[in-house]
Amino acid sequence: MKKKLTIALLSIILFSIKNDVYSQTPFGVNLAGADFGSNFPGTYNVDYTYPTSVELDYYHAKGLNLIRLPIKWERIQPILNGNLSDAELVRIKNFLLLAQNRNMNVIIDLHNYCRYNIKGIDKIIGSNDLSIANIKNLWTQLALELKTYTNIWGYGIMNEPHDLLVNVPWFNIAQEIINGIRINDLKTRIIVGGDSWSSAERWMQYSNNLKNLSDPSNKLTFEAHVYFDKDASGLYVNNYDNEGAYPNIGIDRVAPFVNWLKTNNLNGFIGEYGVPANDNRWIIALNNFLSYLKENCINGTYWAGGPWWGNYILSIEPVLGIDKPQMSTLLKHLSTNANCPSLNIDYVTIPLNQYHFSPNPFLDKIKISGINEGEYINIYDMYGRLINSQKIINSSIDNLGNLKPGIYFLKYKDLIVSKMIK
């Protein structure tokens, strides 16, 4: 009997471990190189290159097992609507096999900004020389070639769309790409970046309508990018102070995207983020940002690694075997839960006489005492969904008028501190 009980307990433990592993969503890194150069299609290992097994071994050993691989449309399809390049397909497939042998997942990222270079000039999708049908044709063919690779985490259909033609919006382009992929591949996740450089901060202004995209397989994930310098470009031309940075700048910039995902019950991913290593305060901001993503069950890929970066300020490619300073923080954030747990509100105990919130019921504003200025309050609905996240300013959180009437829970750090009614 004792032996049977031991076996049963062991089975439960193994089942729990297995389910815990499969419930994790990986963080990772962009491995750039195949997107380099302005000579198209260019010469391999002169104008551009692909990451090697050396890079994969390094990041696999670190536990960063999700690789975003930027590629170029002009190289995989040198003639619009033509056949895909056999040589480029071999390079992509070889990379997928190298990753698969290491149990690593890959995002195929078309790094083209909704453009295609024709005779040295970047043409925008929707212009006379470049139609939506052209990009649909590419992805229809590419999905047919790649659909059997089980370690493709997703098709990143277009990196950072921006400044498009008014009469040819990104929504229309993305929908046709989705339609093209699903002709040949009904299983692989499709990753849709936002308009305006995939800005998380500007998501509601430029990308709110993406929630209306249709996928017969219901496997869409939405991708935003976040950088912490003043113009959010990722160039970091000034120092920390002159860029106007602060510890939670990443949280503030990604919150509109996170709240949009929660409101619309959609899946999200942060395809690019990165900081210089010339000031430890950048590293602190990175850690706060990644902690916030994990709290909201969102994973991402750091920008960037890869063999040709040289002295690039955001690179985490090791030099002479020495890790870059950013790496120690990335190692704290290797995965996140695929599904955020509920708040278990039926069993919540609210602390008394420590924090004070008024009025209750509230309309547009909640006054707060007992918590310092600049701290964050997360607002959850009665189903445990994160609805809003705000910094305390002037002892209050404001602009709550758009919340629907109902019961809400305020969470400070890891503690639910108040039950509020609107």
# chains A, B, ... in the order shown; residues from 1 in each chain; ligands from 1
call {"tool": "residues_around", "arguments": {"residues": "Lys72 of chain A", "least_positions_apart": "4", "cutoff": "7 Å", "atoms": "only C-alpha atoms", "output": "JSON list (two decimals) with C-alpha atoms, in the first residue's frame"}}
result
[["chain", "number", "residue", "atom", "x", "y", "z"],
["A", 35, "ASP", "CA", 18.33, 41.96, -42.01],
["A", 76, "ILE", "CA", 13.67, 35.78, -49.74],
["A", 110, "LEU", "CA", 9.84, 40.11, -41.83],
["A", 111, "HIS", "CA", 11.91, 43.20, -41.09],
["A", 112, "ASN", "CA", 10.61, 45.52, -43.83]]
call {"tool": "residues_around", "arguments": {"residues": "segment 90-93 of chain A", "least_positions_apart": "4", "cutoff": "8 Å", "atoms": "only C-alpha atoms", "output": "count of residues only"}}
result
4
call {"tool": "residues_around", "arguments": {"residues": "Pro247 of chain A", "least_positions_apart": "5", "cutoff": "8 Å", "atoms": "only C-alpha atoms", "output": "PyMOL selection string"}}
result
chain A and resi 281-282+284-285+288
call {"tool": "write_last_selection", "arguments": {"atoms": "N, CA and C atoms", "output": "PDB file, in the first residue's frame"}}
result
ATOM      1  N   ARG A 281      21.220  52.860 -13.969  1.00  0.00           N
ATOM      2  CA  ARG A 281      19.811  53.228 -13.845  1.00  0.00           C
ATOM      3  C   ARG A 281      18.986  52.692 -15.023  1.00  0.00           C
ATOM      4  N   TRP A 282      19.630  52.549 -16.201  1.00  0.00           N
ATOM      5  CA  TRP A 282      18.930  51.923 -17.330  1.00  0.00           C
ATOM      6  C   TRP A 282      18.590  50.467 -16.991  1.00  0.00           C
ATOM      7  N   ILE A 284      18.090  49.176 -14.053  1.00  0.00           N
ATOM      8  CA  ILE A 284      16.988  49.157 -13.083  1.00  0.00           C
ATOM      9  C   ILE A 284      15.647  49.331 -13.807  1.00  0.00           C
ATOM     10  N   ALA A 285      15.605  50.267 -14.759  1.00  0.00           N
ATOM     11  CA  ALA A 285      14.371  50.479 -15.537  1.00  0.00           C
ATOM     12  C   ALA A 285      14.010  49.228 -16.324  1.00  0.00           C
ATOM     13  N   ASN A 288      12.482  46.641 -13.898  1.00  0.00           N
ATOM     14  CA  ASN A 288      11.111  47.009 -13.534  1.00  0.00           C
ATOM     15  C   ASN A 288      10.140  46.694 -14.674  1.00  0.00           C
TER      16      ASN A 288
END
call {"tool": "select_by_dssp", "arguments": {"residues": "segment 116-201 of chain A", "states": "strand (DSSP E or B)", "output": "number ranges by chain"}}
result
A: 116-118, 121-124, 127, 130, 152-156, 190-193, 199
call {"tool": "write_last_selection", "arguments": {"atoms": "C-alpha atoms", "output": "short mmCIF file (atom, residue, chain, number, x, y, z; two decimals), in the first residue's frame"}}
result
data_model
loop_
_atom_site.label_atom_id
_atom_site.label_comp_id
_atom_site.auth_asym_id
_atom_site.auth_seq_id
_atom_site.Cartn_x
_atom_site.Cartn_y
_atom_site.Cartn_z
CA TYR A 116 10.22 46.84 -50.53
CA ASN A 117 13.37 48.23 -52.10
CA ILE A 118 13.06 48.56 -55.88
CA ILE A 121 14.11 53.17 -53.60
CA ASP A 122 11.88 51.98 -50.76
CA LYS A 123 8.34 51.61 -52.05
CA ILE A 124 5.40 51.60 -49.60
CA SER A 127 1.84 52.43 -53.95
CA LEU A 130 3.91 47.59 -54.57
CA ILE A 152 8.33 28.21 -35.23
CA TRP A 153 6.77 30.17 -32.36
CA GLY A 154 5.08 32.52 -34.80
CA TYR A 155 5.14 34.35 -38.11
CA GLY A 156 6.02 38.00 -37.46
CA ILE A 190 0.53 34.87 -36.51
CA ILE A 191 2.18 37.85 -34.82
CA VAL A 192 0.79 41.25 -35.82
CA GLY A 193 2.85 44.35 -35.02
CA SER A 199 4.66 51.73 -30.42
#
call {"tool": "closest_residue", "arguments": {"among": "A:Lys391, A:Tyr149, A:Tyr302, A:Ile270", "to": "Asn248 of chain A", "atoms": "only C-alpha atoms"}}
result
A:Lys391
call {"tool": "closest_residue", "arguments": {"among": "A:Met204, A:Ile67, A:Ile157, A:Ala61", "to": "Gly305 of chain A", "atoms": "only C-alpha atoms"}}
result
A:Ile67
call {"tool": "closest_atom_pairs", "arguments": {"of": "segment 14-130 of chain A", "to": "segment 212-229 of chain A", "cutoff": "12 Å", "atoms": "only C-alpha atoms", "output": "Markdown table"}}
result
| residue | atom | partner | partner_atom | distance |
| --- | --- | --- | --- | --- |
| A:Arg68 | CA | A:Glu223 | CA | 12.0 |
| A:Ile107 | CA | A:Glu223 | CA | 11.7 |
| A:Asp109 | CA | A:Glu223 | CA | 11.1 |
call {"tool": "atom_distance", "arguments": {"atom1": "atom CA of Ile407 of chain A", "atom2": "atom CA of Phe289 of chain A"}}
result
28.0 Å
call {"tool": "residues_around", "arguments": {"residues": "Thr49 of chain A", "least_positions_apart": "6", "cutoff": "8 Å", "atoms": "only C-alpha atoms", "output": "ChimeraX atom specification"}}
result
/A:33-34,36
call {"tool": "write_last_selection", "arguments": {"atoms": "C-alpha atoms", "output": "JSON list (two decimals), in the first residue's frame"}}
result
[["chain", "number", "residue", "atom", "x", "y", "z"],
["A", 33, "GLY", "CA", 22.26, 39.88, -39.17],
["A", 34, "ALA", "CA", 20.03, 38.54, -41.93],
["A", 36, "PHE", "CA", 21.61, 43.91, -42.36]]
call {"tool": "residues_around", "arguments": {"residues": "Tyr412 of chain A", "least_positions_apart": "2", "cutoff": "8 Å", "atoms": "only C-alpha atoms", "output": "ChimeraX atom specification"}}
result
/A:376-378,410,414-417
call {"tool": "write_last_selection", "arguments": {"atoms": "N, CA and C atoms", "output": "mmCIF file, in the first residue's frame"}}
result
data_model
loop_
_atom_site.group_PDB
_atom_site.id
_atom_site.type_symbol
_atom_site.label_atom_id
_atom_site.label_comp_id
_atom_site.auth_asym_id
_atom_site.auth_seq_id
_atom_site.Cartn_x
_atom_site.Cartn_y
_atom_site.Cartn_z
ATOM 1 N N TYR A 376 2.809 52.621 -7.837
ATOM 2 C CA TYR A 376 1.777 52.207 -8.786
ATOM 3 C C TYR A 376 0.644 51.457 -8.097
ATOM 4 N N ILE A 377 -0.567 51.745 -8.554
ATOM 5 C CA ILE A 377 -1.761 51.032 -8.123
ATOM 6 C C ILE A 377 -2.341 50.318 -9.352
ATOM 7 N N ASN A 378 -2.559 49.009 -9.226
ATOM 8 C CA ASN A 378 -3.205 48.243 -10.283
ATOM 9 C C ASN A 378 -4.666 48.044 -9.938
ATOM 10 N N LEU A 410 -8.185 47.209 -5.780
ATOM 11 C CA LEU A 410 -6.929 47.929 -5.951
ATOM 12 C C LEU A 410 -5.799 47.080 -5.367
ATOM 13 N N ASP A 414 2.135 43.374 -4.095
ATOM 14 C CA ASP A 414 1.519 42.043 -4.160
ATOM 15 C C ASP A 414 0.301 41.922 -3.236
ATOM 16 N N LEU A 415 -0.210 43.063 -2.796
ATOM 17 C CA LEU A 415 -1.282 43.037 -1.800
ATOM 18 C C LEU A 415 -2.521 43.759 -2.314
ATOM 19 N N ILE A 416 -3.667 43.119 -2.229
ATOM 20 C CA ILE A 416 -4.929 43.790 -2.541
ATOM 21 C C ILE A 416 -5.289 44.661 -1.340
ATOM 22 N N VAL A 417 -5.407 45.971 -1.596
ATOM 23 C CA VAL A 417 -5.501 46.920 -0.485
ATOM 24 C C VAL A 417 -6.870 47.566 -0.345
#
call {"tool": "closest_residue", "arguments": {"among": "A:Leu314, A:Cys114, A:Ile421, A:Ala174", "to": "Asp364 of chain A", "atoms": "only C-alpha atoms"}}
result
A:Ile421
call {"tool": "select_by_dssp", "arguments": {"residues": "segment 82-312 of chain A", "states": "helix (DSSP H, G or I)", "output": "PDB file with C-alpha atoms, in the first residue's frame"}}
result
ATOM      1  CA  ASP A  86      16.215  28.620 -52.857  1.00  0.00           C
ATOM      2  CA  ALA A  87      19.476  29.788 -51.268  1.00  0.00           C
ATOM      3  CA  GLU A  88      17.704  32.009 -48.733  1.00  0.00           C
ATOM      4  CA  LEU A  89      15.175  29.311 -47.890  1.00  0.00           C
ATOM      5  CA  VAL A  90      18.047  26.931 -47.148  1.00  0.00           C
ATOM      6  CA  ARG A  91      19.588  29.477 -44.760  1.00  0.00           C
ATOM      7  CA  ILE A  92      16.300  29.993 -42.930  1.00  0.00           C
ATOM      8  CA  LYS A  93      15.578  26.275 -42.714  1.00  0.00           C
ATOM      9  CA  ASN A  94      19.106  25.474 -41.555  1.00  0.00           C
ATOM     10  CA  PHE A  95      18.736  28.040 -38.795  1.00  0.00           C
ATOM     11  CA  LEU A  96      15.398  26.522 -37.769  1.00  0.00           C
ATOM     12  CA  LEU A  97      17.013  23.081 -37.546  1.00  0.00           C
ATOM     13  CA  LEU A  98      19.936  24.427 -35.497  1.00  0.00           C
ATOM     14  CA  ALA A  99      17.426  25.959 -33.081  1.00  0.00           C
ATOM     15  CA  GLN A 100      15.259  22.848 -33.046  1.00  0.00           C
ATOM     16  CA  ILE A 132      -1.124  44.334 -50.914  1.00  0.00           C
ATOM     17  CA  ALA A 133      -1.328  41.353 -53.257  1.00  0.00           C
ATOM     18  CA  ASN A 134       2.495  41.318 -53.430  1.00  0.00           C
ATOM     19  CA  ILE A 135       2.977  40.921 -49.671  1.00  0.00           C
ATOM     20  CA  LYS A 136       0.108  38.407 -49.497  1.00  0.00           C
ATOM     21  CA  ASN A 137       1.871  36.386 -52.205  1.00  0.00           C
ATOM     22  CA  LEU A 138       5.109  36.330 -50.227  1.00  0.00           C
ATOM     23  CA  TRP A 139       3.499  35.073 -47.031  1.00  0.00           C
ATOM     24  CA  THR A 140       1.328  32.539 -48.862  1.00  0.00           C
ATOM     25  CA  GLN A 141       4.478  30.959 -50.297  1.00  0.00           C
ATOM     26  CA  LEU A 142       6.543  31.306 -47.142  1.00  0.00           C
ATOM     27  CA  ALA A 143       3.875  29.634 -44.977  1.00  0.00           C
ATOM     28  CA  LEU A 144       3.777  26.695 -47.389  1.00  0.00           C
ATOM     29  CA  GLU A 145       7.561  26.278 -47.111  1.00  0.00           C
ATOM     30  CA  LEU A 146       7.791  26.600 -43.323  1.00  0.00           C
ATOM     31  CA  TRP A 170      -2.071  48.700 -41.948  1.00  0.00           C
ATOM     32  CA  PHE A 171      -5.280  46.927 -40.901  1.00  0.00           C
ATOM     33  CA  ASN A 172      -6.124  46.086 -44.530  1.00  0.00           C
ATOM     34  CA  ILE A 173      -2.576  44.913 -45.256  1.00  0.00           C
ATOM     35  CA  ALA A 174      -2.430  42.730 -42.141  1.00  0.00           C
ATOM     36  CA  GLN A 175      -5.806  41.120 -42.846  1.00  0.00           C
ATOM     37  CA  GLU A 176      -4.731  40.094 -46.348  1.00  0.00           C
ATOM     38  CA  ILE A 177      -1.456  38.661 -45.030  1.00  0.00           C
ATOM     39  CA  ILE A 178      -3.419  36.607 -42.482  1.00  0.00           C
ATOM     40  CA  ASN A 179      -5.718  35.387 -45.259  1.00  0.00           C
ATOM     41  CA  GLY A 180      -2.705  34.391 -47.363  1.00  0.00           C
ATOM     42  CA  ILE A 181      -0.983  32.468 -44.572  1.00  0.00           C
ATOM     43  CA  ARG A 182      -4.140  30.543 -43.714  1.00  0.00           C
ATOM     44  CA  ILE A 183      -4.400  29.231 -47.286  1.00  0.00           C
ATOM     45  CA  ASN A 184      -1.469  26.947 -46.491  1.00  0.00           C
ATOM     46  CA  ASP A 195       1.246  50.748 -36.657  1.00  0.00           C
ATOM     47  CA  SER A 196       3.458  53.787 -35.905  1.00  0.00           C
ATOM     48  CA  TRP A 197       6.623  51.712 -35.383  1.00  0.00           C
ATOM     49  CA  SER A 198       4.634  49.199 -33.258  1.00  0.00           C
ATOM     50  CA  TRP A 203      -1.156  51.823 -29.409  1.00  0.00           C
ATOM     51  CA  MET A 204      -4.616  53.229 -28.744  1.00  0.00           C
ATOM     52  CA  GLN A 205      -4.065  56.076 -31.222  1.00  0.00           C
ATOM     53  CA  TYR A 206      -2.720  54.020 -34.114  1.00  0.00           C
ATOM     54  CA  ASN A 208      -6.761  50.032 -31.616  1.00  0.00           C
ATOM     55  CA  ASN A 209      -8.585  48.765 -34.722  1.00  0.00           C
ATOM     56  CA  LEU A 210      -6.320  45.702 -34.941  1.00  0.00           C
ATOM     57  CA  LYS A 211      -8.614  44.048 -32.381  1.00  0.00           C
ATOM     58  CA  ASN A 212     -11.051  43.593 -35.275  1.00  0.00           C
ATOM     59  CA  ILE A 249       9.445  54.658 -17.692  1.00  0.00           C
ATOM     60  CA  GLY A 250       9.103  51.272 -19.393  1.00  0.00           C
ATOM     61  CA  ILE A 251       5.988  50.469 -17.381  1.00  0.00           C
ATOM     62  CA  ASP A 252       4.405  53.791 -18.290  1.00  0.00           C
ATOM     63  CA  ARG A 253       5.123  53.270 -21.971  1.00  0.00           C
ATOM     64  CA  VAL A 254       3.875  49.698 -22.217  1.00  0.00           C
ATOM     65  CA  ALA A 255       0.780  50.120 -20.006  1.00  0.00           C
ATOM     66  CA  PRO A 256      -1.542  51.339 -22.818  1.00  0.00           C
ATOM     67  CA  PHE A 257      -0.766  48.187 -24.797  1.00  0.00           C
ATOM     68  CA  VAL A 258      -1.138  45.906 -21.772  1.00  0.00           C
ATOM     69  CA  ASN A 259      -4.459  47.468 -20.807  1.00  0.00           C
ATOM     70  CA  TRP A 260      -5.684  47.116 -24.410  1.00  0.00           C
ATOM     71  CA  LEU A 261      -4.829  43.414 -24.362  1.00  0.00           C
ATOM     72  CA  LYS A 262      -6.641  42.915 -21.051  1.00  0.00           C
ATOM     73  CA  THR A 263      -9.704  44.869 -22.119  1.00  0.00           C
ATOM     74  CA  ASN A 264     -10.057  42.929 -25.361  1.00  0.00           C
ATOM     75  CA  ASN A 280      23.050  51.257 -14.038  1.00  0.00           C
ATOM     76  CA  ARG A 281      19.811  53.228 -13.845  1.00  0.00           C
ATOM     77  CA  TRP A 282      18.930  51.923 -17.330  1.00  0.00           C
ATOM     78  CA  ILE A 283      19.321  48.389 -15.987  1.00  0.00           C
ATOM     79  CA  ILE A 284      16.988  49.157 -13.083  1.00  0.00           C
ATOM     80  CA  ALA A 285      14.371  50.479 -15.537  1.00  0.00           C
ATOM     81  CA  LEU A 286      14.768  47.305 -17.619  1.00  0.00           C
ATOM     82  CA  ASN A 287      14.233  45.093 -14.582  1.00  0.00           C
ATOM     83  CA  ASN A 288      11.111  47.009 -13.534  1.00  0.00           C
ATOM     84  CA  PHE A 289       9.749  46.771 -17.076  1.00  0.00           C
ATOM     85  CA  LEU A 290      10.316  43.018 -17.348  1.00  0.00           C
ATOM     86  CA  SER A 291       8.798  42.433 -13.917  1.00  0.00           C
ATOM     87  CA  TYR A 292       5.678  44.264 -15.069  1.00  0.00           C
ATOM     88  CA  LEU A 293       5.483  42.148 -18.238  1.00  0.00           C
ATOM     89  CA  LYS A 294       5.744  38.959 -16.193  1.00  0.00           C
ATOM     90  CA  GLU A 295       3.037  40.147 -13.825  1.00  0.00           C
TER      91      GLU A 295
END
call {"tool": "decode", "arguments": {"residues": "segment 44-108 of chain A", "atoms": "C-alpha atoms", "output": "JSON list (two decimals), in the first residue's frame"}}
result
[["chain", "number", "residue", "atom", "x", "y", "z"],
["A", 44, "TYR", "CA", 25.81, 36.49, -48.19],
["A", 45, "ASN", "CA", 28.47, 37.03, -45.49],
["A", 46, "VAL", "CA", 29.42, 40.35, -47.12],
["A", 47, "ASP", "CA", 26.26, 42.46, -46.98],
["A", 48, "TYR", "CA", 24.42, 40.33, -44.45],
["A", 49, "THR", "CA", 24.76, 37.13, -42.45],
["A", 50, "TYR", "CA", 22.80, 34.64, -40.36],
["A", 51, "PRO", "CA", 23.40, 33.80, -36.69],
["A", 52, "THR", "CA", 25.44, 30.66, -36.21],
["A", 53, "SER", "CA", 25.39, 27.71, -33.84],
["A", 54, "VAL", "CA", 27.84, 29.67, -31.65],
["A", 55, "GLU", "CA", 25.21, 32.34, -30.95],
["A", 56, "LEU", "CA", 22.52, 29.72, -30.37],
["A", 57, "ASP", "CA", 24.73, 27.79, -27.95],
["A", 58, "TYR", "CA", 25.39, 30.94, -25.93],
["A", 59, "TYR", "CA", 21.75, 32.04, -25.60],
["A", 60, "HIS", "CA", 20.52, 28.49, -25.05],
["A", 61, "ALA", "CA", 22.99, 28.09, -22.19],
["A", 62, "LYS", "CA", 21.59, 31.31, -20.70],
["A", 63, "GLY", "CA", 18.00, 30.04, -20.96],
["A", 64, "LEU", "CA", 16.91, 32.63, -23.56],
["A", 65, "ASN", "CA", 15.22, 30.10, -25.78],
["A", 66, "LEU", "CA", 12.98, 32.27, -27.96],
["A", 67, "ILE", "CA", 14.78, 33.73, -30.98],
["A", 68, "ARG", "CA", 13.29, 36.48, -33.14],
["A", 69, "LEU", "CA", 15.02, 36.16, -36.53],
["A", 70, "PRO", "CA", 14.78, 39.33, -38.67],
["A", 71, "ILE", "CA", 14.84, 38.61, -42.43],
["A", 72, "LYS", "CA", 14.40, 40.74, -45.55],
["A", 73, "TRP", "CA", 11.62, 40.45, -48.15],
["A", 74, "GLU", "CA", 13.99, 41.47, -50.97],
["A", 75, "ARG", "CA", 16.24, 38.50, -50.23],
["A", 76, "ILE", "CA", 13.67, 35.78, -49.74],
["A", 77, "GLN", "CA", 11.73, 36.95, -52.83],
["A", 78, "PRO", "CA", 14.05, 38.90, -55.18],
["A", 79, "ILE", "CA", 11.26, 39.39, -57.76],
["A", 80, "LEU", "CA", 7.80, 40.45, -56.60],
["A", 81, "ASN", "CA", 5.28, 37.60, -57.01],
["A", 82, "GLY", "CA", 8.16, 35.39, -58.11],
["A", 83, "ASN", "CA", 9.50, 32.18, -56.62],
["A", 84, "LEU", "CA", 11.22, 32.29, -53.27],
["A", 85, "SER", "CA", 15.00, 32.20, -53.28],
["A", 86, "ASP", "CA", 16.21, 28.62, -52.86],
["A", 87, "ALA", "CA", 19.48, 29.79, -51.27],
["A", 88, "GLU", "CA", 17.70, 32.01, -48.73],
["A", 89, "LEU", "CA", 15.18, 29.31, -47.89],
["A", 90, "VAL", "CA", 18.05, 26.93, -47.15],
["A", 91, "ARG", "CA", 19.59, 29.48, -44.76],
["A", 92, "ILE", "CA", 16.30, 29.99, -42.93],
["A", 93, "LYS", "CA", 15.58, 26.27, -42.71],
["A", 94, "ASN", "CA", 19.11, 25.47, -41.56],
["A", 95, "PHE", "CA", 18.74, 28.04, -38.80],
["A", 96, "LEU", "CA", 15.40, 26.52, -37.77],
["A", 97, "LEU", "CA", 17.01, 23.08, -37.55],
["A", 98, "LEU", "CA", 19.94, 24.43, -35.50],
["A", 99, "ALA", "CA", 17.43, 25.96, -33.08],
["A", 100, "GLN", "CA", 15.26, 22.85, -33.05],
["A", 101, "ASN", "CA", 18.25, 20.71, -32.08],
["A", 102, "ARG", "CA", 18.62, 22.93, -29.00],
["A", 103, "ASN", "CA", 14.88, 22.96, -28.15],
["A", 104, "MET", "CA", 14.72, 26.65, -29.07],
["A", 105, "ASN", "CA", 11.73, 28.38, -30.68],
["A", 106, "VAL", "CA", 11.99, 30.90, -33.53],
["A", 107, "ILE", "CA", 9.92, 33.85, -34.71],
["A", 108, "ILE", "CA", 10.31, 34.54, -38.43]]
